[in-house]
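Participant: Contents of coords06.txt (compact mmCIF, C-alpha atoms) are given next:
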# COMPACT_ATOMS: atom_id res chain seq x y z
CA MET A 1058 22.28 4.02 11.64
CA SER A 1059 19.27 1.90 10.93
CA GLU A 1060 19.16 -1.85 11.26
CA ASP A 1061 18.96 -2.09 7.49
CA GLU A 1062 22.29 -0.37 7.07
CA GLU A 1063 24.51 -2.72 9.07
CA LEU A 1064 28.06 -2.42 7.86
CA ASP A 1065 30.15 -5.33 6.80
CA PRO A 1066 33.33 -4.97 8.88
CA ARG A 1067 35.39 -6.75 6.24
CA PHE A 1068 35.11 -3.86 3.81
CA PRO A 1069 36.22 -0.25 3.91
CA GLY A 1070 33.76 2.56 3.81
CA GLY A 1071 30.80 0.37 4.72
CA MET A 1072 30.92 -1.61 1.49
CA ASN A 1073 29.62 -5.11 1.26
CA TYR A 1074 30.92 -7.75 -1.11
CA LEU A 1075 28.41 -6.90 -3.79
CA ASP A 1076 29.36 -3.21 -3.57
CA TRP A 1077 32.94 -4.23 -4.07
CA LEU A 1078 32.14 -6.46 -7.03
CA MET A 1079 29.95 -3.86 -8.64
CA ASN A 1080 31.77 -0.64 -7.88
CA VAL A 1081 35.43 -1.38 -7.23
CA LEU A 1082 36.38 -4.41 -9.25
CA PRO A 1083 37.07 -3.27 -12.85
CA PRO A 1084 34.94 -5.31 -15.27
CA ASP A 1085 38.01 -6.47 -17.19
CA GLU A 1086 39.39 -7.95 -13.98
CA ALA A 1087 36.14 -9.69 -13.08
CA SER A 1088 36.38 -13.44 -13.35
CA PRO A 1089 33.49 -15.63 -14.52
CA GLN A 1090 33.08 -16.53 -10.86
CA ASN A 1091 32.62 -12.86 -9.98
CA ILE A 1092 29.84 -12.51 -12.55
CA ASP A 1093 28.23 -15.69 -11.22
CA GLN A 1094 28.44 -14.28 -7.70
CA ILE A 1095 26.68 -11.09 -8.76
CA ILE A 1096 23.89 -13.08 -10.40
CA ALA A 1097 23.67 -15.41 -7.42
CA PHE A 1098 23.39 -12.47 -5.05
CA GLN A 1099 20.60 -10.91 -7.11
CA ARG A 1100 18.74 -14.21 -7.19
CA LYS A 1101 19.09 -14.60 -3.45
CA ALA A 1102 17.84 -11.06 -2.94
CA ARG A 1103 14.84 -11.81 -5.15
CA MET A 1104 14.01 -14.98 -3.24
CA SER A 1105 14.20 -13.08 0.02
CA TYR A 1106 12.03 -10.32 -1.36
CA ASP A 1107 9.46 -12.74 -2.76
CA SER A 1108 9.29 -14.51 0.59
CA GLY A 1109 8.58 -11.22 2.33
CA VAL A 1110 11.98 -10.70 3.94
CA LYS A 1111 12.95 -7.05 4.08
CA PRO A 1112 16.28 -6.64 2.29
CA LYS A 1113 19.27 -5.64 4.41
CA ARG A 1114 22.47 -4.28 3.03
CA GLY A 1115 24.41 -6.41 5.51
CA ASP A 1116 22.98 -9.51 3.83
CA ALA A 1117 24.75 -8.73 0.60
CA GLY A 1118 27.17 -11.19 -0.82
CA PRO A 1119 28.47 -14.60 0.04
CA LYS A 1120 29.97 -14.99 3.50
CA ILE A 1121 33.58 -15.55 2.62
CA ASP A 1122 36.61 -13.78 3.99
CA VAL A 1123 37.68 -11.95 0.86
CA ILE A 1124 40.22 -9.85 2.73
CA GLY A 1125 41.79 -12.95 4.22
CA LEU A 1126 41.93 -14.48 0.76
CA GLY A 1127 43.64 -11.38 -0.58
CA LEU A 1128 40.83 -10.60 -2.99
CA VAL A 1129 40.48 -7.00 -1.91
CA LYS A 1130 43.34 -5.07 -3.45
CA HIS A 1131 42.79 -1.57 -2.23
CA LYS A 1132 40.65 0.45 0.10
CA PRO A 1133 38.98 3.32 -1.71
CA ALA A 1134 37.64 6.14 0.36
CA LEU A 1135 33.92 5.89 -0.05
CA VAL A 1136 31.51 8.50 1.12
CA ARG A 1137 28.74 6.79 2.96
CA ARG A 1138 25.35 7.99 1.89
CA ALA A 1139 23.31 9.74 4.52
CA VAL A 1140 20.85 7.42 6.20
CA LYS A 1141 17.72 8.88 7.61
CA SER A 1142 16.88 7.32 10.92
CA MET B 536 27.48 6.78 -24.64
CA GLU B 537 28.10 9.58 -27.08
CA ASP B 538 26.76 8.92 -30.50
CA GLU B 539 29.52 9.35 -33.04
CA THR B 540 27.26 10.05 -36.00
CA GLU B 541 25.23 13.20 -35.85
CA ALA B 542 21.58 12.64 -36.69
CA PRO B 543 19.86 15.02 -39.11
CA SER B 544 17.56 17.60 -37.59
CA PRO B 545 13.89 16.59 -37.35
CA PHE B 546 12.98 20.16 -38.31
CA LEU B 547 12.76 21.67 -41.77
CA PRO B 548 15.90 23.78 -42.29
CA GLY B 549 15.64 27.24 -40.80
CA THR B 550 12.22 26.61 -39.25
CA ASN B 551 10.60 25.17 -36.15
CA ILE B 552 8.45 22.96 -38.33
CA GLN B 553 9.09 19.37 -37.29
CA TYR B 554 8.75 16.81 -40.06
CA ALA B 555 10.11 13.70 -38.31
CA TRP B 556 8.01 12.61 -35.37
CA ASP B 557 8.24 9.88 -32.79
CA SER B 558 5.79 9.02 -30.04
CA THR B 559 7.76 11.07 -27.48
CA SER B 560 7.71 14.37 -29.34
CA LEU B 561 4.14 13.83 -30.50
CA GLY B 562 3.17 13.02 -26.93
CA TYR B 563 4.67 16.31 -25.71
CA LEU B 564 2.68 18.22 -28.32
CA LYS B 565 -0.54 16.47 -27.45
CA GLN B 566 0.00 16.87 -23.71
CA CYS B 567 0.85 20.54 -23.83
CA PRO B 568 2.24 22.73 -26.63
CA ARG B 569 4.32 24.66 -24.06
CA LEU B 570 5.88 21.42 -22.85
CA TYR B 571 6.71 20.64 -26.47
CA GLN B 572 8.26 24.10 -26.85
CA TYR B 573 10.44 23.75 -23.76
CA ILE B 574 11.77 20.33 -24.72
CA MET B 575 11.72 20.06 -28.50
CA ILE B 576 12.18 23.67 -29.59
CA GLU B 577 14.31 25.07 -26.77
CA GLY B 578 16.02 21.93 -25.46
CA TRP B 579 15.46 22.29 -21.72
CA VAL B 580 16.34 19.13 -19.81
CA ALA B 581 15.67 18.33 -16.16
CA ARG B 582 18.89 17.80 -14.23
CA ASP B 583 18.26 14.17 -13.36
CA GLU B 584 16.73 13.28 -16.71
CA ASN B 585 20.01 11.81 -17.90
CA ILE B 586 19.82 9.18 -15.16
CA HIS B 587 16.42 8.00 -16.38
CA LEU B 588 17.60 8.07 -19.96
CA ARG B 589 20.80 6.14 -19.31
CA PHE B 590 19.04 3.57 -17.16
CA GLY B 591 16.41 3.04 -19.84
CA ILE B 592 19.01 2.68 -22.59
CA GLU B 593 21.06 0.16 -20.62
CA TYR B 594 18.00 -1.83 -19.53
CA HIS B 595 16.69 -2.06 -23.08
CA LYS B 596 20.11 -2.91 -24.48
CA ALA B 597 20.56 -5.74 -21.98
CA LEU B 598 17.17 -7.27 -22.72
CA GLU B 599 17.71 -6.88 -26.45
CA ASP B 600 21.07 -8.66 -26.16
CA TYR B 601 19.43 -11.43 -24.15
CA ASP B 602 16.70 -11.92 -26.79
CA ARG B 603 19.31 -12.12 -29.53
CA LEU B 604 21.47 -14.59 -27.60
CA ARG B 605 18.48 -16.81 -26.88
CA ALA B 606 17.49 -16.68 -30.54
CA ASP B 607 21.07 -17.75 -31.34
CA GLY B 608 20.57 -20.84 -29.21
CA LEU B 609 22.19 -19.94 -25.87
CA ASP B 610 20.40 -21.23 -22.80
CA HIS B 611 18.98 -18.91 -20.18
CA ASN B 612 21.91 -18.95 -17.77
CA ASP B 613 24.58 -18.48 -20.41
CA ALA B 614 22.67 -15.61 -22.03
CA LEU B 615 22.09 -13.97 -18.64
CA PHE B 616 25.79 -14.30 -17.79
CA GLU B 617 26.81 -12.58 -21.02
CA VAL B 618 24.25 -9.83 -20.56
CA VAL B 619 25.35 -9.05 -17.00
CA ARG B 620 29.00 -9.02 -17.99
CA GLU B 621 28.38 -6.70 -20.92
CA THR B 622 26.22 -4.42 -18.78
CA LEU B 623 29.03 -4.10 -16.23
CA TYR B 624 31.44 -3.16 -18.99
CA ARG B 625 29.14 -0.60 -20.53
CA THR B 626 28.25 1.04 -17.24
CA GLU B 627 31.73 1.14 -15.71
CA GLY B 628 32.11 4.56 -14.10
CA TRP B 629 28.40 5.36 -14.30
CA ASP B 630 27.69 6.59 -10.81
CA PRO B 631 24.42 8.50 -10.44
CA ASP B 632 24.15 10.66 -7.33
CA PRO B 633 22.52 8.32 -4.79
CA ASP B 634 21.08 11.33 -2.97
CA SER B 635 19.09 12.43 -6.00
CA LYS B 636 15.56 11.16 -6.36
CA ALA B 637 16.38 9.41 -9.62
CA GLY B 638 19.79 8.09 -8.54
CA ALA B 639 18.37 6.52 -5.40
CA VAL B 640 16.35 4.03 -7.44
CA LYS B 641 18.14 4.05 -10.79
CA ASN B 642 21.80 3.16 -10.49
CA ARG B 643 24.20 0.41 -11.51
CA ASN B 644 23.13 -1.96 -8.75
CA SER B 645 19.42 -1.60 -9.41
CA LEU B 646 20.07 -1.95 -13.14
CA VAL B 647 21.74 -5.34 -12.75
CA ARG B 648 19.14 -6.37 -10.19
CA THR B 649 16.31 -5.46 -12.55
CA ILE B 650 17.91 -7.28 -15.48
CA VAL B 651 18.47 -10.48 -13.49
CA TRP B 652 15.06 -10.44 -11.85
CA TYR B 653 13.23 -9.68 -15.11
CA LEU B 654 15.00 -12.32 -17.14
CA ASP B 655 14.53 -14.94 -14.43
CA GLN B 656 10.86 -14.04 -14.13
CA TYR B 657 10.30 -14.46 -17.88
CA GLU B 658 12.71 -17.31 -18.48
CA ASP B 659 9.89 -19.48 -19.83
CA ASP B 660 8.05 -16.63 -21.46
CA GLN B 661 4.82 -17.55 -23.24
CA ALA B 662 5.50 -14.66 -25.57
CA LYS B 663 8.05 -15.93 -28.08
CA THR B 664 10.24 -13.57 -30.08
CA TYR B 665 9.01 -13.38 -33.65
CA ILE B 666 11.59 -14.51 -36.18
CA LYS B 667 11.51 -12.38 -39.30
CA SER B 668 11.58 -13.76 -42.84
CA ASP B 669 15.34 -13.08 -42.97
CA GLY B 670 15.81 -15.43 -40.01
CA LYS B 671 16.66 -12.65 -37.55
CA PRO B 672 14.80 -12.10 -34.29
CA ALA B 673 12.41 -9.14 -34.29
CA VAL B 674 14.07 -7.23 -31.45
CA GLU B 675 14.92 -3.53 -31.16
CA LEU B 676 13.40 -2.70 -34.52
CA SER B 677 13.91 0.86 -35.60
CA PHE B 678 11.13 2.03 -37.83
CA ARG B 679 10.83 5.04 -40.08
CA PHE B 680 8.08 5.49 -42.61
CA GLU B 681 6.76 8.38 -44.60
CA LEU B 682 3.23 9.67 -44.64
CA ASP B 683 1.65 10.60 -47.95
CA TYR B 684 1.66 14.28 -47.04
CA GLY B 685 4.13 16.73 -45.62
CA PRO B 686 4.36 20.04 -43.81
CA THR B 687 2.97 23.11 -45.58
CA GLU B 688 0.96 21.06 -48.07
CA TRP B 689 -2.19 22.36 -46.48
CA VAL B 690 -1.13 25.98 -47.03
CA GLU B 691 -3.75 27.58 -49.19
CA ALA B 692 -2.94 29.10 -52.53
CA GLY B 693 -1.79 32.67 -52.16
CA ALA B 694 -0.55 32.20 -48.60
CA GLU B 695 3.00 33.12 -47.68
CA ALA B 696 5.36 30.68 -49.34
CA PRO B 697 6.91 28.01 -47.10
CA ALA B 698 10.65 27.41 -46.85
CA VAL B 699 12.21 26.48 -50.16
CA GLY B 700 11.66 22.81 -50.85
CA ALA B 701 9.62 22.35 -47.71
CA SER B 702 6.54 21.12 -49.47
CA THR B 703 8.48 18.25 -51.02
CA VAL B 704 9.40 16.76 -47.64
CA PRO B 705 6.86 14.27 -46.35
CA TYR B 706 6.15 13.75 -42.68
CA VAL B 707 8.09 10.83 -41.21
CA LEU B 708 7.00 8.64 -38.32
CA CYS B 709 9.82 6.94 -36.50
CA GLY B 710 10.74 5.10 -33.32
CA HIS B 711 12.02 1.89 -31.84
CA LEU B 712 10.05 -1.25 -31.09
CA ASP B 713 11.53 -3.30 -28.27
CA ARG B 714 10.36 -6.66 -29.54
CA VAL B 715 7.69 -8.33 -31.62
CA VAL B 716 6.33 -11.56 -30.20
CA ILE B 717 3.93 -14.36 -30.96
CA PHE B 718 1.53 -14.90 -28.10
CA ASN B 719 -1.26 -17.45 -28.46
CA ASP B 720 -0.63 -17.50 -32.21
CA GLU B 721 -1.14 -13.76 -32.49
CA LEU B 722 1.30 -10.98 -33.20
CA PHE B 723 2.04 -8.31 -30.59
CA GLY B 724 4.54 -5.52 -30.28
CA THR B 725 6.24 -5.26 -26.90
CA ASP B 726 7.21 -2.19 -24.98
CA ARG B 727 9.32 -2.40 -21.84
CA LYS B 728 8.91 0.36 -19.32
CA THR B 729 10.51 1.29 -16.04
CA THR B 730 8.67 3.35 -13.48
CA SER B 731 8.59 4.17 -9.80
CA THR B 732 4.78 4.05 -9.88
CA GLY B 733 2.99 1.02 -8.49
CA LEU B 734 1.85 -1.40 -11.18
CA THR B 735 -1.85 -1.04 -10.51
CA ASP B 736 -4.84 -0.72 -12.84
CA TYR B 737 -4.35 3.03 -12.55
CA TYR B 738 -0.86 2.69 -14.04
CA PHE B 739 -1.86 0.39 -16.88
CA ASN B 740 -5.05 2.28 -17.75
CA GLN B 741 -2.91 5.11 -19.13
CA PHE B 742 -2.10 2.94 -22.14
CA GLU B 743 -5.65 2.71 -23.45
CA PRO B 744 -6.04 4.84 -25.44
CA ASN B 745 -2.45 5.94 -25.73
CA ASN B 746 -0.47 7.79 -28.36
CA GLN B 747 2.69 5.68 -28.08
CA MET B 748 0.93 2.32 -28.10
CA SER B 749 -1.20 3.23 -31.10
CA LEU B 750 1.89 4.34 -33.04
CA TYR B 751 3.74 1.16 -32.05
CA ALA B 752 0.82 -1.03 -33.10
CA LEU B 753 0.72 0.80 -36.39
CA ALA B 754 4.49 0.49 -36.84
CA THR B 755 4.45 -3.23 -36.06
CA LYS B 756 1.79 -3.66 -38.70
CA VAL B 757 3.73 -1.61 -41.27
CA ILE B 758 7.13 -3.19 -40.60
CA LEU B 759 5.95 -6.78 -40.67
CA ASN B 760 3.11 -6.26 -43.10
CA ALA B 761 1.00 -8.54 -40.93
CA PRO B 762 -2.07 -8.16 -38.72
CA VAL B 763 -1.14 -7.03 -35.23
CA LYS B 764 -3.33 -7.55 -32.22
CA GLY B 765 -1.81 -4.84 -30.05
CA ILE B 766 1.05 -4.12 -27.69
CA ILE B 767 2.25 -5.98 -24.62
CA ILE B 768 3.41 -3.61 -21.91
CA ASP B 769 6.15 -5.11 -19.78
CA ALA B 770 6.54 -2.79 -16.82
CA ALA B 771 9.19 -2.82 -14.12
CA GLN B 772 8.54 -0.84 -10.95
CA LEU B 773 11.75 0.12 -9.21
CA THR B 774 12.12 0.84 -5.53
CA ARG B 775 15.35 1.35 -3.61
CA THR B 776 15.67 -2.32 -2.76
CA ALA B 777 13.50 -4.29 -5.16
CA THR B 778 11.90 -4.44 -8.59
CA ASN B 779 8.34 -5.58 -9.29
CA PHE B 780 7.09 -6.63 -12.69
CA GLY B 781 3.72 -6.48 -14.38
CA ARG B 782 2.48 -7.27 -17.87
CA ARG B 783 -0.67 -6.11 -19.60
CA PHE B 784 -2.05 -6.19 -23.11
CA THR B 785 -3.47 -3.24 -24.96
CA TYR B 786 -5.37 -4.01 -28.15
CA ARG B 787 -5.85 -1.93 -31.29
CA THR B 788 -8.28 -2.63 -34.10
CA GLY B 789 -7.69 -1.50 -37.67
CA ASP B 790 -10.40 1.11 -37.28
CA GLN B 791 -8.73 2.49 -34.16
CA LEU B 792 -5.44 2.82 -35.99
CA GLU B 793 -7.13 4.59 -38.89
CA GLU B 794 -8.74 6.99 -36.45
CA TRP B 795 -5.34 7.62 -34.85
CA LEU B 796 -3.86 8.42 -38.26
CA ARG B 797 -6.77 10.70 -39.10
CA ASP B 798 -6.27 12.58 -35.84
CA LEU B 799 -2.54 12.71 -36.43
CA ARG B 800 -3.09 14.78 -39.55
CA LYS B 801 -4.86 17.40 -37.45
CA TRP B 802 -2.17 17.36 -34.77
CA LEU B 803 0.61 17.82 -37.31
CA ARG B 804 -1.22 20.68 -38.90
CA LEU B 805 -1.62 22.25 -35.47
CA ALA B 806 2.10 21.77 -34.75
CA GLU B 807 2.95 23.51 -37.98
CA TRP B 808 0.65 26.36 -37.14
CA TYR B 809 2.29 26.83 -33.72
CA ALA B 810 5.71 26.73 -35.36
CA THR B 811 4.76 29.25 -38.01
CA ASP B 812 3.16 31.47 -35.42
CA GLY B 813 6.13 31.12 -33.04
CA TYR B 814 3.89 30.53 -30.06
CA TRP B 815 3.07 27.33 -28.20
CA PRO B 816 0.23 27.87 -25.71
CA GLN B 817 -0.04 26.29 -22.27
CA ASN B 818 -2.52 23.50 -21.79
CA ASP B 819 -3.23 24.32 -18.18
CA THR B 820 -5.51 21.33 -17.75
CA ALA B 821 -2.56 18.95 -18.13
CA CYS B 822 -0.18 20.37 -15.50
CA ASP B 823 -1.19 17.87 -12.81
CA LYS B 824 -1.43 14.87 -15.12
CA PHE B 825 1.12 12.12 -15.45
CA GLY B 826 2.37 12.65 -11.90
CA GLY B 827 2.72 16.39 -12.45
CA CYS B 828 4.50 18.07 -15.34
CA ARG B 829 8.22 18.68 -14.83
CA PHE B 830 7.73 22.30 -15.92
CA ARG B 831 4.82 22.95 -13.60
CA GLU B 832 6.84 25.19 -11.29
CA ILE B 833 8.11 27.16 -14.27
CA CYS B 834 4.68 27.70 -15.77
CA SER B 835 3.32 28.76 -12.40
CA LYS B 836 5.69 31.74 -12.41
CA SER B 837 4.97 35.04 -14.07
CA PRO B 838 6.03 34.95 -17.77
CA GLN B 839 8.77 37.56 -17.42
CA VAL B 840 10.70 35.55 -14.79
CA ARG B 841 10.27 32.07 -16.28
CA GLU B 842 13.53 32.14 -18.20
CA LYS B 843 15.45 32.77 -14.96
CA PHE B 844 13.74 29.84 -13.26
CA LEU B 845 14.36 27.63 -16.27
CA GLU B 846 18.05 28.48 -16.15
CA ALA B 847 18.19 27.75 -12.43
CA ASN B 848 16.38 24.42 -12.51
CA PHE B 849 17.08 22.98 -15.94
CA THR B 850 19.94 22.77 -18.37
CA LYS B 851 19.69 23.76 -21.98
CA ALA B 852 21.03 20.97 -24.12
CA GLU B 853 23.06 21.69 -27.20
CA GLU B 854 21.17 21.03 -30.39
CA LYS B 855 22.99 17.75 -31.03
CA ASP B 856 22.09 16.49 -27.53
CA ARG B 857 18.40 17.33 -27.70
CA TRP B 858 15.68 14.77 -28.11
CA ASN B 859 15.77 13.83 -31.77
CA PRO B 860 13.45 11.21 -33.28
CA LEU B 861 15.99 10.64 -36.04
CA LYS B 862 18.82 9.75 -33.66
CA PRO B 863 19.70 6.07 -34.11
CA ARG B 864 19.99 3.89 -31.02
Translate the structure of the given file into structure tokens.
Facilitator:
Amino acid sequence: MSEDEELDPRFPGGMNYLDWLMNVLPPDEASPQNIDQIIAFQRKARMSYDSGVKPKRGDAGPKIDVIGLGLVKHKPALVRRAVKS
Amino acid sequence: MEDETEAPSPFLPGTNIQYAWDSTSLGYLKQCPRLYQYIMIEGWVARDENIHLRFGIEYHKALEDYDRLRADGLDHNDALFEVVRETLYRTEGWDPDPDSKAGAVKNRNSLVRTIVWYLDQYEDDQAKTYIKSDGKPAVELSFRFELDYGPTEWVEAGAEAPAVGASTVPYVLCGHLDRVVIFNDELFGTDRKTTSTGLTDYYFNQFEPNNQMSLYALATKVILNAPVKGIIIDAAQLTRTATNFGRRFTYRTGDQLEEWLRDLRKWLRLAEWYATDGYWPQNDTACDKFGGCRFREICSKSPQVREKFLEANFTKAEEKDRWNPLKPR
């Protein structure tokens, strides 16, 4: 696994918080805060990119313990995409 | 994403003579008659083409919604919020194969990223959406106008008669303009593009001259009945992890548009001739253009085995799912 593909141990299947927001959370269950978080993440990613920082998947999402807060409801089996080393 | 209403065929009944043209189908014809045959006549579609198509539709829809919301008085952040939320709803369950070339760069994540980055980049856009005389913003304008001639009208007296009623159908030019804007007190059409190509001079030079941009400049002029300076090309280059943006202007004079229309008459006549003849020849000087034609591998095979290779590498869309200039967005 490359450095860019660090897994977030809080999420199943190597997801990060953004993955969870985007791909697991049904849109009709997304709160306004969730939408704000998605936009905030994208803005942060853009700032990093504009400042020359190489994006890392492990950087995704705010650093809060969503499992501890009970925000993650289920653990879908995700197939991790192949990463060329 | 299925369209409930079935669009009428762009072809004269019972023929391969196309009477309704948009820049895409006309571009195929001009690039290579065989390419036009494969896509417009036979309906062959590359397997990952749907990913590009869906991404483009969602991207354009999101930006159109944003323009409308801003014109309604919402501020940038509120409009962006609504657009992201609606995009998530519309794309729920859309999951392009991340291992495909298209899916690796065009997927739900990169769609939202591109929308947010683009709208933030152009939050204080110098190009202001033109407000039409009815008070509505000039965004996502579908156009359809008739030419003063139609298929078969050039058929000489005594020639084989065309399909019944065919000569009464005029040619129709149609398409969709993303937005019309005022920039430095002048009117421009806008076309938003997504690409994986770097946004260099090489990329932007393809738009001058360019079939699509000339048609869009003409359409802007016809729809608004006002002088149009040209088209603004708003390009987004997608990579796996980022999106870059670039904007260029392409200008068209009245004389250039008249020349384009004059040439169009010849192209349409040629298209009719191919259709009547039932043969669309290869333009083998275009195979390596535009990043390489998608049918290049097919055309490089011997004619008798091409059908097999087409079946193996492409899917044949049903008539209702084929590219149709008359299909509403």
Participant: Could you tell me which of A:Ala1097, A:Leu1075, A:Met1104, A:Pro1084 comes closest to chain B if we count only C-alpha atoms?
Facilitator: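 When distances to chain B are compared using only C-alpha atoms, the smallest one comes from A:Pro1084.
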Participant: Please report as a PyMOL selection string which residues of chain B come no farther than 10 Å from chain A, using all atoms listed in the file.
Facilitator: chain B and resi 612+615-617+619-630+632-634+643-645+647-652+655+775-779
Participant: Separation of atom CA of B:Tyr738 and atom CA of B:Asn848, in Å?
Facilitator: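 Distance reported for this atom pair: 27.8 Å.
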Participant: Find the distance between atom CA of B:Leu708 and atom CA of B:Phe678 and write it in Å to one decimal.
Facilitator: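 So the two atoms, atom CA of B:Leu708 and atom CA of B:Phe678, lie 7.8 Å apart.
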Participant: Distance atom CA of B:Gly638-atom CA of B:Arg829, one decimal place?
Facilitator: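 Value for the atom CA of B:Gly638-atom CA of B:Arg829 distance: 16.9 Å.
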Participant: Using all atoms listed in the file, what residues lie at most 9 Å away from (-0.5, -10.3, -31.2) (file coordinates), given as a PDB file with C-alpha atoms, in the frame of the given file?
Facilitator:
ATOM      1  CA  VAL B 715       7.690  -8.330 -31.620  1.00  0.00           C
ATOM      2  CA  VAL B 716       6.330 -11.560 -30.200  1.00  0.00           C
ATOM      3  CA  ILE B 717       3.930 -14.360 -30.960  1.00  0.00           C
ATOM      4  CA  PHE B 718       1.530 -14.900 -28.100  1.00  0.00           C
ATOM      5  CA  ASN B 719      -1.260 -17.450 -28.460  1.00  0.00           C
ATOM      6  CA  ASP B 720      -0.630 -17.500 -32.210  1.00  0.00           C
ATOM      7  CA  GLU B 721      -1.140 -13.760 -32.490  1.00  0.00           C
ATOM      8  CA  LEU B 722       1.300 -10.980 -33.200  1.00  0.00           C
ATOM      9  CA  PHE B 723       2.040  -8.310 -30.590  1.00  0.00           C
ATOM     10  CA  GLY B 724       4.540  -5.520 -30.280  1.00  0.00           C
ATOM     11  CA  PRO B 762      -2.070  -8.160 -38.720  1.00  0.00           C
ATOM     12  CA  VAL B 763      -1.140  -7.030 -35.230  1.00  0.00           C
ATOM     13  CA  LYS B 764      -3.330  -7.550 -32.220  1.00  0.00           C
ATOM     14  CA  GLY B 765      -1.810  -4.840 -30.050  1.00  0.00           C
ATOM     15  CA  ILE B 766       1.050  -4.120 -27.690  1.00  0.00           C
ATOM     16  CA  ILE B 767       2.250  -5.980 -24.620  1.00  0.00           C
ATOM     17  CA  TYR B 786      -5.370  -4.010 -28.150  1.00  0.00           C
TER      18      TYR B 786
END
Participant: Excluding stretch 543-551 of chain B and its own-chain neighbours fewer than 6 positions away, which residues fall within 12 Å of it when counting all atoms listed in the file? Please give them as a PDB file with C-alpha atoms, in the frame of the given file.
Facilitator:
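The result, stored in out35.pdb:
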ATOM      1  CA  ASP B 557       8.240   9.880 -32.790  1.00  0.00           C
ATOM      2  CA  SER B 560       7.710  14.370 -29.340  1.00  0.00           C
ATOM      3  CA  TYR B 571       6.710  20.640 -26.470  1.00  0.00           C
ATOM      4  CA  GLN B 572       8.260  24.100 -26.850  1.00  0.00           C
ATOM      5  CA  MET B 575      11.720  20.060 -28.500  1.00  0.00           C
ATOM      6  CA  ILE B 576      12.180  23.670 -29.590  1.00  0.00           C
ATOM      7  CA  GLU B 577      14.310  25.070 -26.770  1.00  0.00           C
ATOM      8  CA  GLY B 685       4.130  16.730 -45.620  1.00  0.00           C
ATOM      9  CA  PRO B 686       4.360  20.040 -43.810  1.00  0.00           C
ATOM     10  CA  THR B 687       2.970  23.110 -45.580  1.00  0.00           C
ATOM     11  CA  PRO B 697       6.910  28.010 -47.100  1.00  0.00           C
ATOM     12  CA  ALA B 698      10.650  27.410 -46.850  1.00  0.00           C
ATOM     13  CA  VAL B 699      12.210  26.480 -50.160  1.00  0.00           C
ATOM     14  CA  GLY B 700      11.660  22.810 -50.850  1.00  0.00           C
ATOM     15  CA  ALA B 701       9.620  22.350 -47.710  1.00  0.00           C
ATOM     16  CA  SER B 702       6.540  21.120 -49.470  1.00  0.00           C
ATOM     17  CA  THR B 703       8.480  18.250 -51.020  1.00  0.00           C
ATOM     18  CA  VAL B 704       9.400  16.760 -47.640  1.00  0.00           C
ATOM     19  CA  PRO B 705       6.860  14.270 -46.350  1.00  0.00           C
ATOM     20  CA  TYR B 706       6.150  13.750 -42.680  1.00  0.00           C
ATOM     21  CA  VAL B 707       8.090  10.830 -41.210  1.00  0.00           C
ATOM     22  CA  LEU B 708       7.000   8.640 -38.320  1.00  0.00           C
ATOM     23  CA  CYS B 709       9.820   6.940 -36.500  1.00  0.00           C
ATOM     24  CA  ALA B 806       2.100  21.770 -34.750  1.00  0.00           C
ATOM     25  CA  GLU B 807       2.950  23.510 -37.980  1.00  0.00           C
ATOM     26  CA  TRP B 808       0.650  26.360 -37.140  1.00  0.00           C
ATOM     27  CA  TYR B 809       2.290  26.830 -33.720  1.00  0.00           C
ATOM     28  CA  ALA B 810       5.710  26.730 -35.360  1.00  0.00           C
ATOM     29  CA  THR B 811       4.760  29.250 -38.010  1.00  0.00           C
ATOM     30  CA  ASP B 812       3.160  31.470 -35.420  1.00  0.00           C
ATOM     31  CA  GLY B 813       6.130  31.120 -33.040  1.00  0.00           C
ATOM     32  CA  TYR B 814       3.890  30.530 -30.060  1.00  0.00           C
ATOM     33  CA  TRP B 815       3.070  27.330 -28.200  1.00  0.00           C
ATOM     34  CA  GLU B 854      21.170  21.030 -30.390  1.00  0.00           C
ATOM     35  CA  LYS B 855      22.990  17.750 -31.030  1.00  0.00           C
ATOM     36  CA  ASP B 856      22.090  16.490 -27.530  1.00  0.00           C
ATOM     37  CA  ARG B 857      18.400  17.330 -27.700  1.00  0.00           C
ATOM     38  CA  TRP B 858      15.680  14.770 -28.110  1.00  0.00           C
ATOM     39  CA  ASN B 859      15.770  13.830 -31.770  1.00  0.00           C
ATOM     40  CA  PRO B 860      13.450  11.210 -33.280  1.00  0.00           C
ATOM     41  CA  LEU B 861      15.990  10.640 -36.040  1.00  0.00           C
ATOM     42  CA  LYS B 862      18.820   9.750 -33.660  1.00  0.00           C
ATOM     43  CA  PRO B 863      19.700   6.070 -34.110  1.00  0.00           C
TER      44      PRO B 863
END
Participant: Is it possible to get the residues within 9 Å of (21.9, 7.4, -11.3) (coordinates as in the file, counting all atoms listed in the file) written as a PyMOL selection string?
Facilitator: chain B and resi 583+585-587+589-590+629-633+635-643
Participant: Write out as a tab-separated table (two decimals) with C-alpha atoms, in the coordinates of the input each polymer residue whose atoms come within 8 Å of stretch 561-570 of chain B, counting only C-alpha atoms; drop sequence neighbours fewer than 6 positions from it.
Facilitator:
chain	number	residue	atom	x	y	z
B	746	ASN	CA	-0.47	7.79	-28.36
B	747	GLN	CA	2.69	5.68	-28.08
B	802	TRP	CA	-2.17	17.36	-34.77
B	806	ALA	CA	2.10	21.77	-34.75
B	815	TRP	CA	3.07	27.33	-28.20
B	816	PRO	CA	0.23	27.87	-25.71
B	817	GLN	CA	-0.04	26.29	-22.27
B	818	ASN	CA	-2.52	23.50	-21.79
B	819	ASP	CA	-3.23	24.32	-18.18
B	821	ALA	CA	-2.56	18.95	-18.13
B	830	PHE	CA	7.73	22.30	-15.92
